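Coordinates as given in coords.cif (mmCIF, C-alpha atoms):
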```cif
data_my_file
#
loop_
_atom_site.group_PDB
_atom_site.id
_atom_site.type_symbol
_atom_site.label_atom_id
_atom_site.label_comp_id
_atom_site.auth_asym_id
_atom_site.auth_seq_id
_atom_site.Cartn_x
_atom_site.Cartn_y
_atom_site.Cartn_z
ATOM 1 C CA MET A 1 -23.031 -129.251 14.288
ATOM 2 C CA LEU A 2 -23.277 -125.493 13.911
ATOM 3 C CA PHE A 3 -25.979 -123.548 12.123
ATOM 4 C CA ASP A 4 -25.409 -123.562 8.349
ATOM 5 C CA PRO A 5 -27.348 -120.806 6.494
ATOM 6 C CA THR A 6 -26.988 -122.682 3.205
ATOM 7 C CA LEU A 7 -29.437 -125.281 4.525
ATOM 8 C CA CYS A 8 -32.143 -122.600 4.607
ATOM 9 C CA GLU A 9 -32.458 -122.603 0.827
ATOM 10 C CA ASP A 10 -34.871 -125.546 1.023
ATOM 11 C CA VAL A 11 -38.182 -123.666 1.343
ATOM 12 C CA PRO A 12 -41.535 -125.511 1.401
ATOM 13 C CA SER A 13 -43.472 -125.392 -1.849
ATOM 14 C CA SER A 14 -46.348 -122.955 -2.240
ATOM 15 C CA GLN A 15 -48.785 -125.868 -2.477
ATOM 16 C CA ASN A 16 -47.580 -127.314 0.811
ATOM 17 C CA THR A 17 -47.620 -123.868 2.433
ATOM 18 C CA VAL A 18 -51.236 -123.216 1.418
ATOM 19 C CA LEU A 19 -52.316 -126.693 2.551
ATOM 20 C CA THR A 20 -50.605 -126.309 5.923
ATOM 21 C CA ALA A 21 -52.057 -122.825 6.446
ATOM 22 C CA LEU A 22 -55.573 -124.112 5.740
ATOM 23 C CA LEU A 23 -55.005 -126.991 8.146
ATOM 24 C CA CYS A 24 -53.902 -124.570 10.857
ATOM 25 C CA VAL A 25 -57.163 -122.663 10.488
ATOM 26 C CA GLY A 26 -59.176 -125.880 10.236
ATOM 27 C CA THR A 27 -57.539 -127.335 13.347
ATOM 28 C CA PHE A 28 -58.363 -124.215 15.338
ATOM 29 C CA LEU A 29 -61.975 -124.167 14.150
ATOM 30 C CA SER A 30 -62.487 -127.917 14.665
ATOM 31 C CA TYR A 31 -61.905 -127.668 18.427
ATOM 32 C CA LEU A 32 -64.332 -124.784 18.911
ATOM 33 C CA PRO A 33 -67.495 -126.971 18.913
ATOM 34 C CA GLN A 34 -66.043 -129.007 21.794
ATOM 35 C CA HIS A 35 -65.181 -125.917 23.803
ATOM 36 C CA ILE A 36 -68.553 -124.315 23.059
ATOM 37 C CA LYS A 37 -70.452 -127.459 24.062
ATOM 38 C CA ILE A 38 -68.716 -127.644 27.436
ATOM 39 C CA LEU A 39 -69.338 -123.922 28.020
ATOM 40 C CA ASN A 40 -73.013 -124.165 27.029
ATOM 41 C CA ARG A 41 -73.629 -127.260 29.171
ATOM 42 C CA ARG A 42 -71.529 -125.814 31.998
ATOM 43 C CA SER A 43 -70.397 -129.383 32.465
ATOM 44 C CA SER A 44 -67.716 -131.751 31.187
ATOM 45 C CA ASP A 45 -69.703 -134.802 32.232
ATOM 46 C CA GLY A 46 -69.170 -137.740 29.899
ATOM 47 C CA ILE A 47 -65.511 -137.007 29.098
ATOM 48 C CA SER A 48 -63.030 -139.575 30.366
ATOM 49 C CA PRO A 49 -60.198 -138.205 32.544
ATOM 50 C CA TYR A 50 -57.821 -140.717 30.960
ATOM 51 C CA PHE A 51 -58.770 -139.410 27.521
ATOM 52 C CA ILE A 52 -57.789 -135.945 28.734
ATOM 53 C CA LEU A 53 -54.554 -137.230 30.266
ATOM 54 C CA LEU A 54 -53.370 -139.211 27.251
ATOM 55 C CA GLY A 55 -54.434 -136.550 24.775
ATOM 56 C CA THR A 56 -52.823 -133.616 26.558
ATOM 57 C CA VAL A 57 -49.573 -135.407 27.405
ATOM 58 C CA GLY A 58 -49.395 -136.745 23.857
ATOM 59 C CA ALA A 59 -49.962 -133.264 22.447
ATOM 60 C CA GLY A 60 -47.232 -131.800 24.640
ATOM 61 C CA SER A 61 -44.805 -134.511 23.560
ATOM 62 C CA ASN A 62 -45.665 -133.945 19.913
ATOM 63 C CA ILE A 63 -45.099 -130.188 20.181
ATOM 64 C CA THR A 64 -41.673 -130.729 21.738
ATOM 65 C CA ASN A 65 -40.825 -133.379 19.158
ATOM 66 C CA ILE A 66 -41.446 -131.231 16.093
ATOM 67 C CA ALA A 67 -39.954 -128.095 17.672
ATOM 68 C CA LEU A 68 -36.667 -129.922 18.213
ATOM 69 C CA LEU A 69 -36.655 -131.693 14.857
ATOM 70 C CA GLN A 70 -37.425 -128.440 13.043
ATOM 71 C CA PHE A 71 -35.136 -126.240 15.105
ATOM 72 C CA LEU A 72 -33.363 -125.389 11.862
ATOM 73 C CA ALA A 73 -36.551 -123.741 10.566
ATOM 74 C CA MET A 74 -36.530 -121.382 13.553
ATOM 75 C CA GLN A 75 -32.872 -120.503 13.076
ATOM 76 C CA CYS A 76 -33.392 -119.936 9.350
ATOM 77 C CA CYS A 77 -35.726 -117.062 10.181
ATOM 78 C CA THR A 78 -32.592 -115.010 10.987
ATOM 79 C CA VAL A 79 -31.486 -115.142 7.328
ATOM 80 C CA GLN A 80 -34.806 -115.514 5.482
ATOM 81 C CA THR A 81 -37.535 -113.139 4.438
ATOM 82 C CA VAL A 82 -40.671 -112.921 6.559
ATOM 83 C CA GLY A 83 -42.674 -114.935 4.034
ATOM 84 C CA ALA A 84 -40.102 -117.728 3.814
ATOM 85 C CA CYS A 85 -39.766 -117.776 7.589
ATOM 86 C CA LEU A 86 -43.510 -118.143 8.144
ATOM 87 C CA ALA A 87 -43.728 -120.835 5.498
ATOM 88 C CA GLY A 88 -40.977 -122.787 7.233
ATOM 89 C CA LEU A 89 -42.594 -122.419 10.657
ATOM 90 C CA LEU A 90 -46.081 -123.496 9.590
ATOM 91 C CA GLY A 91 -45.325 -127.112 10.471
ATOM 92 C CA ILE A 92 -44.531 -126.092 14.045
ATOM 93 C CA PHE A 93 -47.567 -123.788 14.161
ATOM 94 C CA GLN A 94 -49.774 -126.617 12.946
ATOM 95 C CA VAL A 95 -48.805 -128.995 15.750
ATOM 96 C CA ALA A 96 -48.679 -126.186 18.331
ATOM 97 C CA ILE A 97 -52.248 -125.077 17.533
ATOM 98 C CA GLN A 98 -53.539 -128.613 17.914
ATOM 99 C CA GLY A 99 -51.712 -129.032 21.201
ATOM 100 C CA ALA A 100 -52.849 -125.657 22.535
ATOM 101 C CA MET A 101 -56.483 -126.394 21.728
ATOM 102 C CA PHE A 102 -56.266 -129.726 23.554
ATOM 103 C CA TYR A 103 -54.713 -127.985 26.549
ATOM 104 C CA ILE A 104 -57.712 -125.627 26.530
ATOM 105 C CA THR A 105 -60.010 -128.675 26.476
ATOM 106 C CA PHE A 106 -58.163 -129.985 29.533
ATOM 107 C CA ILE A 107 -58.618 -126.645 31.339
ATOM 108 C CA LEU A 108 -62.341 -126.552 30.524
ATOM 109 C CA TYR A 109 -62.680 -130.165 31.677
ATOM 110 C CA MET A 110 -61.295 -129.244 35.075
ATOM 111 C CA LEU A 111 -63.180 -125.940 35.407
ATOM 112 C CA PHE A 112 -66.561 -127.457 34.538
ATOM 113 C CA PHE A 113 -66.153 -130.809 36.235
ATOM 114 C CA PRO A 114 -69.679 -131.615 37.527
ATOM 115 C CA ASP A 115 -70.115 -130.786 41.213
ATOM 116 C CA LYS A 116 -72.351 -133.814 41.655
ATOM 117 C CA ASN A 117 -69.433 -136.042 40.652
ATOM 118 C CA LYS A 118 -66.928 -134.472 43.054
ATOM 119 C CA TYR A 119 -68.291 -135.612 46.403
ATOM 120 C CA GLU A 120 -70.493 -138.377 47.683
ATOM 121 C CA HIS A 121 -72.352 -138.406 50.970
ATOM 122 C CA ALA A 122 -71.791 -141.503 53.097
ATOM 123 C CA ALA A 123 -73.763 -142.286 56.231
ATOM 124 C CA ALA A 124 -71.538 -142.006 59.295
ATOM 125 C CA ALA A 125 -72.438 -143.322 62.713
ATOM 126 C CA VAL A 126 -71.422 -140.860 65.389
ATOM 127 C CA ALA A 127 -71.242 -142.358 68.861
ATOM 128 C CA ASP A 128 -72.717 -140.298 71.670
ATOM 129 C CA ASP A 129 -70.726 -141.173 74.773
ATOM 130 C CA ASP A 130 -72.617 -138.733 76.992
ATOM 131 C CA SER A 131 -76.034 -140.078 76.174
ATOM 132 C CA SER A 132 -77.613 -143.397 77.023
ATOM 133 C CA ASN A 133 -79.703 -143.238 73.823
ATOM 134 C CA GLY A 134 -77.043 -145.050 71.751
ATOM 135 C CA SER A 135 -75.728 -143.257 68.633
ATOM 136 C CA ALA A 136 -76.832 -140.545 66.212
ATOM 137 C CA THR A 137 -76.594 -140.933 62.438
ATOM 138 C CA GLY A 138 -75.042 -138.124 60.355
ATOM 139 C CA SER A 139 -73.853 -137.563 56.799
ATOM 140 C CA ALA A 140 -70.245 -136.861 55.761
ATOM 141 C CA ALA A 141 -69.039 -135.667 52.351
ATOM 142 C CA ARG A 142 -66.311 -137.785 50.782
ATOM 143 C CA ILE A 143 -64.328 -137.092 47.615
ATOM 144 C CA THR A 144 -65.229 -139.396 44.750
ATOM 145 C CA LEU A 145 -62.803 -141.607 42.878
ATOM 146 C CA GLU A 146 -63.630 -139.782 39.645
ATOM 147 C CA TRP A 147 -62.715 -136.349 41.049
ATOM 148 C CA ARG A 148 -59.598 -137.749 42.724
ATOM 149 C CA THR A 149 -58.589 -139.189 39.339
ATOM 150 C CA ALA A 150 -59.186 -135.831 37.645
ATOM 151 C CA LEU A 151 -56.938 -134.081 40.185
ATOM 152 C CA TRP A 152 -54.245 -136.692 39.643
ATOM 153 C CA VAL A 153 -54.549 -136.191 35.887
ATOM 154 C CA ALA A 154 -54.082 -132.434 36.279
ATOM 155 C CA GLY A 155 -50.934 -132.936 38.339
ATOM 156 C CA ALA A 156 -49.488 -135.419 35.845
ATOM 157 C CA ILE A 157 -50.103 -133.047 32.924
ATOM 158 C CA VAL A 158 -48.391 -130.137 34.680
ATOM 159 C CA ALA A 159 -45.426 -132.327 35.634
ATOM 160 C CA HIS A 160 -45.030 -133.654 32.090
ATOM 161 C CA THR A 161 -45.176 -130.153 30.613
ATOM 162 C CA LEU A 162 -42.426 -128.961 32.937
ATOM 163 C CA ILE A 163 -40.244 -131.972 32.139
ATOM 164 C CA CYS A 164 -40.555 -131.381 28.393
ATOM 165 C CA ILE A 165 -39.691 -127.695 28.711
ATOM 166 C CA LEU A 166 -36.811 -128.051 31.140
ATOM 167 C CA MET A 167 -35.231 -131.123 29.544
ATOM 168 C CA SER A 168 -35.434 -129.753 26.004
ATOM 169 C CA THR A 169 -34.095 -126.360 27.041
ATOM 170 C CA ALA A 170 -31.159 -127.992 28.816
ATOM 171 C CA LEU A 171 -30.275 -130.181 25.830
ATOM 172 C CA VAL A 172 -30.470 -127.346 23.305
ATOM 173 C CA THR A 173 -28.439 -125.031 25.537
ATOM 174 C CA VAL A 174 -25.752 -127.458 26.691
ATOM 175 C CA ILE A 175 -25.093 -129.777 23.736
ATOM 176 C CA GLY A 176 -26.970 -128.060 20.910
ATOM 177 C CA PRO A 177 -30.156 -128.717 18.911
ATOM 178 C CA TYR A 178 -28.435 -130.949 16.340
ATOM 179 C CA ALA A 179 -26.594 -133.240 18.751
ATOM 180 C CA ALA A 180 -27.370 -136.939 18.600
ATOM 181 C CA LEU A 181 -28.727 -136.964 22.150
ATOM 182 C CA THR A 182 -31.097 -134.068 21.419
ATOM 183 C CA ARG A 183 -32.395 -135.763 18.273
ATOM 184 C CA THR A 184 -32.818 -139.001 20.197
ATOM 185 C CA TRP A 185 -34.795 -137.190 22.898
ATOM 186 C CA ALA A 186 -37.030 -135.697 20.214
ATOM 187 C CA SER A 187 -37.612 -139.080 18.584
ATOM 188 C CA LEU A 188 -38.396 -140.666 21.961
ATOM 189 C CA LEU A 189 -40.993 -137.977 22.600
ATOM 190 C CA GLY A 190 -42.484 -138.710 19.197
ATOM 191 C CA LEU A 191 -42.676 -142.414 20.003
ATOM 192 C CA PHE A 192 -44.142 -141.616 23.417
ATOM 193 C CA SER A 193 -46.755 -139.429 21.741
ATOM 194 C CA LEU A 194 -47.508 -142.263 19.325
ATOM 195 C CA CYS A 195 -48.110 -144.731 22.157
ATOM 196 C CA LEU A 196 -50.351 -142.303 24.043
ATOM 197 C CA THR A 197 -52.304 -141.425 20.911
ATOM 198 C CA CYS A 198 -52.873 -145.089 20.151
ATOM 199 C CA LEU A 199 -54.362 -145.484 23.630
ATOM 200 C CA GLN A 200 -55.978 -142.031 23.880
ATOM 201 C CA PHE A 201 -59.405 -142.834 22.509
ATOM 202 C CA ILE A 202 -59.741 -146.266 24.115
ATOM 203 C CA PRO A 203 -60.804 -144.913 27.579
ATOM 204 C CA GLN A 204 -63.248 -142.508 25.937
ATOM 205 C CA ILE A 205 -64.675 -145.236 23.723
ATOM 206 C CA ILE A 206 -65.158 -147.467 26.774
ATOM 207 C CA LYS A 207 -66.726 -144.669 28.865
ATOM 208 C CA THR A 208 -69.073 -143.611 26.064
ATOM 209 C CA TRP A 209 -70.057 -147.204 25.319
ATOM 210 C CA ARG A 210 -70.785 -147.986 28.979
ATOM 211 C CA SER A 211 -72.769 -144.792 29.574
ATOM 212 C CA GLY A 212 -74.759 -145.228 26.388
ATOM 213 C CA SER A 213 -74.778 -141.469 25.753
ATOM 214 C CA VAL A 214 -72.627 -138.889 24.014
ATOM 215 C CA GLY A 215 -72.350 -136.590 27.033
ATOM 216 C CA ALA A 216 -70.102 -133.551 26.583
ATOM 217 C CA ILE A 217 -68.271 -135.019 23.579
ATOM 218 C CA SER A 218 -68.856 -132.885 20.477
ATOM 219 C CA ILE A 219 -69.936 -134.767 17.354
ATOM 220 C CA PRO A 220 -69.322 -131.775 15.005
ATOM 221 C CA MET A 221 -65.749 -131.597 16.299
ATOM 222 C CA MET A 222 -65.127 -135.243 15.449
ATOM 223 C CA MET A 223 -66.804 -134.908 12.055
ATOM 224 C CA MET A 224 -64.290 -132.209 11.181
ATOM 225 C CA GLN A 225 -61.252 -133.739 12.847
ATOM 226 C CA THR A 226 -61.558 -137.330 11.627
ATOM 227 C CA PRO A 227 -61.056 -136.634 7.900
ATOM 228 C CA GLY A 228 -58.849 -133.665 8.712
ATOM 229 C CA GLY A 229 -56.586 -135.881 10.807
ATOM 230 C CA PHE A 230 -55.517 -137.924 7.805
ATOM 231 C CA VAL A 231 -54.764 -134.787 5.783
ATOM 232 C CA PHE A 232 -53.018 -133.342 8.835
ATOM 233 C CA ALA A 233 -50.704 -136.363 9.076
ATOM 234 C CA TYR A 234 -49.925 -136.193 5.369
ATOM 235 C CA SER A 235 -49.017 -132.505 5.489
ATOM 236 C CA ILE A 236 -46.572 -133.136 8.360
ATOM 237 C CA ALA A 237 -45.028 -136.174 6.674
ATOM 238 C CA ILE A 238 -44.059 -134.260 3.516
ATOM 239 C CA ARG A 239 -42.249 -131.477 5.363
ATOM 240 C CA PRO A 240 -38.433 -131.477 5.189
ATOM 241 C CA GLY A 241 -36.491 -132.740 8.191
ATOM 242 C CA VAL A 242 -39.422 -134.661 9.698
ATOM 243 C CA ASN A 243 -39.447 -138.426 10.177
ATOM 244 C CA TRP A 244 -42.336 -140.820 10.649
ATOM 245 C CA SER A 245 -42.403 -140.342 14.422
ATOM 246 C CA SER A 246 -43.875 -136.862 13.922
ATOM 247 C CA TRP A 247 -46.943 -137.837 11.868
ATOM 248 C CA ILE A 248 -47.785 -141.458 12.719
ATOM 249 C CA SER A 249 -49.500 -140.503 15.986
ATOM 250 C CA THR A 250 -51.843 -138.130 14.156
ATOM 251 C CA PHE A 251 -52.736 -140.863 11.667
ATOM 252 C CA VAL A 252 -53.519 -143.385 14.406
ATOM 253 C CA ALA A 253 -55.540 -140.765 16.323
ATOM 254 C CA ALA A 254 -57.710 -140.089 13.283
ATOM 255 C CA THR A 255 -58.448 -143.804 12.957
ATOM 256 C CA PHE A 256 -59.532 -144.232 16.587
ATOM 257 C CA GLN A 257 -61.467 -140.963 16.512
ATOM 258 C CA GLY A 258 -63.406 -142.325 13.557
ATOM 259 C CA ILE A 259 -64.448 -145.317 15.669
ATOM 260 C CA LEU A 260 -65.585 -143.025 18.495
ATOM 261 C CA LEU A 261 -67.488 -140.867 15.997
ATOM 262 C CA ILE A 262 -69.426 -143.881 14.702
ATOM 263 C CA ILE A 263 -70.372 -144.906 18.252
ATOM 264 C CA CYS A 264 -71.521 -141.377 19.126
ATOM 265 C CA LEU A 265 -73.588 -141.114 15.943
ATOM 266 C CA LEU A 266 -75.319 -144.412 16.749
ATOM 267 C CA PHE A 267 -76.081 -143.307 20.323
ATOM 268 C CA GLU A 268 -77.311 -139.919 19.142
ATOM 269 C CA ALA A 269 -79.663 -141.539 16.610
ATOM 270 C CA ARG A 270 -80.947 -143.937 19.270
ATOM 271 C CA ALA A 271 -81.549 -141.057 21.691
ATOM 272 C CA LYS A 272 -83.566 -139.186 19.053
ATOM 273 C CA ASP A 273 -85.656 -142.278 18.294
ATOM 274 C CA THR A 274 -86.316 -142.838 21.996
ATOM 275 C CA HIS A 275 -87.276 -139.199 22.496
ATOM 276 C CA GLY A 276 -89.592 -139.320 19.501
ATOM 277 C CA ALA A 277 -91.260 -142.504 20.739
ATOM 278 C CA SER A 278 -91.724 -141.000 24.203
ATOM 279 C CA ALA A 279 -93.267 -137.888 22.715
ATOM 280 C CA GLY A 280 -95.600 -140.041 20.610
ATOM 281 C CA ASP A 281 -96.679 -142.089 23.616
ATOM 282 C CA GLY A 282 -97.361 -138.897 25.551
ATOM 283 C CA THR A 283 -99.538 -137.527 22.752
ATOM 284 C CA SER A 284 -101.481 -140.787 22.476
ATOM 285 C CA ALA A 285 -102.034 -140.910 26.221
ATOM 286 C CA ALA A 286 -103.271 -137.315 26.262
ATOM 287 C CA ALA A 287 -105.631 -138.066 23.371
ATOM 288 C CA GLY A 288 -106.933 -141.152 25.194
ATOM 289 C CA GLN A 289 -107.603 -139.178 28.359
ATOM 290 C CA GLY A 290 -109.428 -136.535 26.351
ATOM 291 C CA SER A 291 -111.608 -139.199 24.711
ATOM 292 C CA GLU A 292 -112.444 -140.783 28.040
ATOM 293 C CA SER A 293 -113.316 -137.387 29.496
ATOM 294 C CA SER A 294 -115.584 -136.632 26.534
ATOM 295 C CA SER A 295 -117.352 -139.986 26.876
ATOM 296 C CA SER A 296 -117.839 -139.417 30.581
ATOM 297 C CA ASP A 297 -119.380 -136.007 29.943
ATOM 298 C CA THR A 298 -121.710 -137.526 27.338
ATOM 299 C CA VAL A 299 -122.953 -140.161 29.765
ATOM 300 C CA THR A 300 -123.298 -137.758 32.678
ATOM 301 C CA ALA A 301 -125.336 -135.162 30.796
ATOM 302 C CA PRO A 302 -128.503 -137.294 30.282
ATOM 303 C CA GLU A 303 -128.308 -138.484 33.860
ATOM 304 C CA ASN A 304 -128.253 -134.903 35.101
ATOM 305 C CA ALA A 305 -131.136 -134.021 32.870
ATOM 306 C CA ALA A 306 -133.178 -136.970 34.136
ATOM 307 C CA ALA A 307 -132.393 -136.053 37.706
ATOM 308 C CA ALA A 308 -133.526 -132.483 37.131
ATOM 309 C CA GLY A 309 -136.848 -133.599 35.601
ATOM 310 C CA ALA A 310 -137.688 -136.258 38.225
ATOM 311 C CA PRO A 311 -140.350 -135.287 40.883
ATOM 312 C CA ALA A 312 -139.079 -134.955 44.415
ATOM 313 C CA SER A 313 -140.069 -137.817 46.646
ATOM 314 C CA THR A 314 -142.057 -137.147 49.765
#
```
If you convert what's in this file into structure tokens, what do you get?
Amino acid sequence: MLFDPTLCEDVPSSQNTVLTALLCVGTFLSYLPQHIKILNRRSSDGISPYFILLGTVGAGSNITNIALLQFLAMQCCTVQTVGACLAGLLGIFQVAIQGAMFYITFILYMLFFPDKNKYEHAAAAVADDDSSNGSATGSAARITLEWRTALWVAGAIVAHTLICILMSTALVTVIGPYAALTRTWASLLGLFSLCLTCLQFIPQIIKTWRSGSVGAISIPMMMMQTPGGFVFAYSIAIRPGVNWSSWISTFVAATFQGILLIICLLFEARAKDTHGASAGDGTSAAAGQGSESSSSDTVTAPENAAAAGAPAST
């Protein structure tokens, strides 16, 4: 199938354009609290590497999926006005912004991976063949399983990104963007993204639940993204030329993110209660010590006075 300019007459409605534009801005802003929290803490401790892997790979698959399915929108820009072109590309921008922000989260996760979680020191017995005193005990640094997993995750993400770019470029160049094989590849990527998104929050939910703390996960980010995710999925679903494989993953992600948000809110409230109770116990203990000190001074004062007035014994 060749490019048909008459198909470019179907322009998104102004209502849909405004909604999508607002979602693009909202998506960008919703990720900022997560990035800021990691930067302020100088640590990504508490974030699951599998959450990063599934989320980033899923985002890359979703970007490729909608770019291929809406390839017509990009070609229509050659015959449309600037306004109509931008309106038609907003669906791609929307998914691309979300994917780019998750890629940034992945980069920050790797850059601020806690040093204390990278290596562990194991006691190593070093035999001393030249000495009759036996052996000397030393300490050797060994890479942790968590850091090894993070490095593996980084390699898998880079490999997946290259596969998506190279495979999609080859299909569009050789057989065309509207060929059945290209559309099938796009739909498979959408299904792959759906599967990853369904599993994405499970490792993070498990890690957060086991640790009993929020860690580097941003609650404000989830409070914005959870309701926004449902609107996000709806705005993609109503765009022309898009099937269910493009929006279902976003819908499922919003559902699981809501579960994680509830868990984090419960842990945060528990942490505040514990901190308040500890502060109260500290104040009570300090007050008790002050009372005991005052009583001791009261008892000691008469004794000192009596001792001062008593005649010296000969």
Item to complete: Find the residues around region 213-230 of chain A up to 8 Å (only C-alpha atoms counted), leave out those fewer than 5 positions away in its own chain, and share them as a VMD selection string.
Response: chain A and resid 23 26 to 27 30 to 34 37 to 38 41 43 to 47 208 250 to 251 253 to 255 257 to 258 261 264 to 265 267 to 268 271
Fill in: Counting all atoms listed in the file, the option among A:Ser14, A:Thr81, A:Ser48, A:Thr182 closest to Ala150 (chain A)
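Closest to Ala150 (chain A) of all the choices is A:Ser48.
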Worksheet item: Just how far from CA of Ala100 (chain A) is CA of Ser13 (chain A), in Å to one decimal?
Response: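 Computing the Euclidean distance for CA of Ser13 (chain A) and CA of Ala100 (chain A) yields 26.1 Å.
The interatomic distance for the pair CA of Leu108 (chain A) and CA of His35 (chain A) works out to 7.3 Å.
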Fill in: Picked residues, the PyMOL selection byres ((chain A and resi 191-207) around 6), as a list in words
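After applying the PyMOL selection byres ((chain A and resi 191-207) around 6), what remains is Ser48, Phe51, Leu54, Gly55, Gly58, Ser61, Asn62, Leu188, Leu189, Gly190, Thr208, Trp209, Arg210, Ser245, Ser249, Ala253 and Leu260 of chain A.
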Worksheet entry | Distance of CA of Thr173 (chain A) from CA of Val79 (chain A), expressed in Å to one decimal place |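 According to the coordinates, CA of Val79 (chain A) and CA of Thr173 (chain A) are separated by 20.9 Å.
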Worksheet item: What lies within 10 Å of Gly241 (chain A) using all atoms listed in the file, ignoring chain neighbours under 2 positions off, as a list of chain:residue names?
Response: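 My reading of the contact set: A:Ile66, A:Leu69, A:Gln70, A:Phe71, A:Leu72, A:Ala73, A:Ala237, A:Ile238, A:Arg239, A:Asn243.
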Running the PyMOL selection byres ((chain A and resi 53) around 8) on this model by hand, what would come out? Give it as a tab-separated table (two decimals) with C-alpha atoms, keeping the file's coordinate frame.
```
chain	number	residue	atom	x	y	z
A	49	PRO	CA	-60.20	-138.21	32.54
A	50	TYR	CA	-57.82	-140.72	30.96
A	51	PHE	CA	-58.77	-139.41	27.52
A	52	ILE	CA	-57.79	-135.94	28.73
A	54	LEU	CA	-53.37	-139.21	27.25
A	55	GLY	CA	-54.43	-136.55	24.78
A	56	THR	CA	-52.82	-133.62	26.56
A	57	VAL	CA	-49.57	-135.41	27.40
A	153	VAL	CA	-54.55	-136.19	35.89
A	154	ALA	CA	-54.08	-132.43	36.28
A	156	ALA	CA	-49.49	-135.42	35.84
A	157	ILE	CA	-50.10	-133.05	32.92
```
Discussion item. Suppose a student applies the PyMOL selection byres ((chain A and resi 235) around 12) to this structure; what residues should they get, written as a PyMOL selection string?
Written reply: chain A and resi 12-13+15-24+90-92+94-95+228-234+236-240+242+244+246-248+250-251
File dump, residues just selected, C-alpha atoms, as a PDB file, in the frame of the given file:
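Printed below is out_1.pdb as written:
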```pdb
ATOM      1  CA  PRO A  12     -41.535-125.511   1.401  1.00  0.00           C
ATOM      2  CA  SER A  13     -43.472-125.392  -1.849  1.00  0.00           C
ATOM      3  CA  GLN A  15     -48.785-125.868  -2.477  1.00  0.00           C
ATOM      4  CA  ASN A  16     -47.580-127.314   0.811  1.00  0.00           C
ATOM      5  CA  THR A  17     -47.620-123.868   2.433  1.00  0.00           C
ATOM      6  CA  VAL A  18     -51.236-123.216   1.418  1.00  0.00           C
ATOM      7  CA  LEU A  19     -52.316-126.693   2.551  1.00  0.00           C
ATOM      8  CA  THR A  20     -50.605-126.309   5.923  1.00  0.00           C
ATOM      9  CA  ALA A  21     -52.057-122.825   6.446  1.00  0.00           C
ATOM     10  CA  LEU A  22     -55.573-124.112   5.740  1.00  0.00           C
ATOM     11  CA  LEU A  23     -55.005-126.991   8.146  1.00  0.00           C
ATOM     12  CA  CYS A  24     -53.902-124.570  10.857  1.00  0.00           C
ATOM     13  CA  LEU A  90     -46.081-123.496   9.590  1.00  0.00           C
ATOM     14  CA  GLY A  91     -45.325-127.112  10.471  1.00  0.00           C
ATOM     15  CA  ILE A  92     -44.531-126.092  14.045  1.00  0.00           C
ATOM     16  CA  GLN A  94     -49.774-126.617  12.946  1.00  0.00           C
ATOM     17  CA  VAL A  95     -48.805-128.995  15.750  1.00  0.00           C
ATOM     18  CA  GLY A 228     -58.849-133.665   8.712  1.00  0.00           C
ATOM     19  CA  GLY A 229     -56.586-135.881  10.807  1.00  0.00           C
ATOM     20  CA  PHE A 230     -55.517-137.924   7.805  1.00  0.00           C
ATOM     21  CA  VAL A 231     -54.764-134.787   5.783  1.00  0.00           C
ATOM     22  CA  PHE A 232     -53.018-133.342   8.835  1.00  0.00           C
ATOM     23  CA  ALA A 233     -50.704-136.363   9.076  1.00  0.00           C
ATOM     24  CA  TYR A 234     -49.925-136.193   5.369  1.00  0.00           C
ATOM     25  CA  ILE A 236     -46.572-133.136   8.360  1.00  0.00           C
ATOM     26  CA  ALA A 237     -45.028-136.174   6.674  1.00  0.00           C
ATOM     27  CA  ILE A 238     -44.059-134.260   3.516  1.00  0.00           C
ATOM     28  CA  ARG A 239     -42.249-131.477   5.363  1.00  0.00           C
ATOM     29  CA  PRO A 240     -38.433-131.477   5.189  1.00  0.00           C
ATOM     30  CA  VAL A 242     -39.422-134.661   9.698  1.00  0.00           C
ATOM     31  CA  TRP A 244     -42.336-140.820  10.649  1.00  0.00           C
ATOM     32  CA  SER A 246     -43.875-136.862  13.922  1.00  0.00           C
ATOM     33  CA  TRP A 247     -46.943-137.837  11.868  1.00  0.00           C
ATOM     34  CA  ILE A 248     -47.785-141.458  12.719  1.00  0.00           C
ATOM     35  CA  THR A 250     -51.843-138.130  14.156  1.00  0.00           C
ATOM     36  CA  PHE A 251     -52.736-140.863  11.667  1.00  0.00           C
TER      37      PHE A 251
END
```
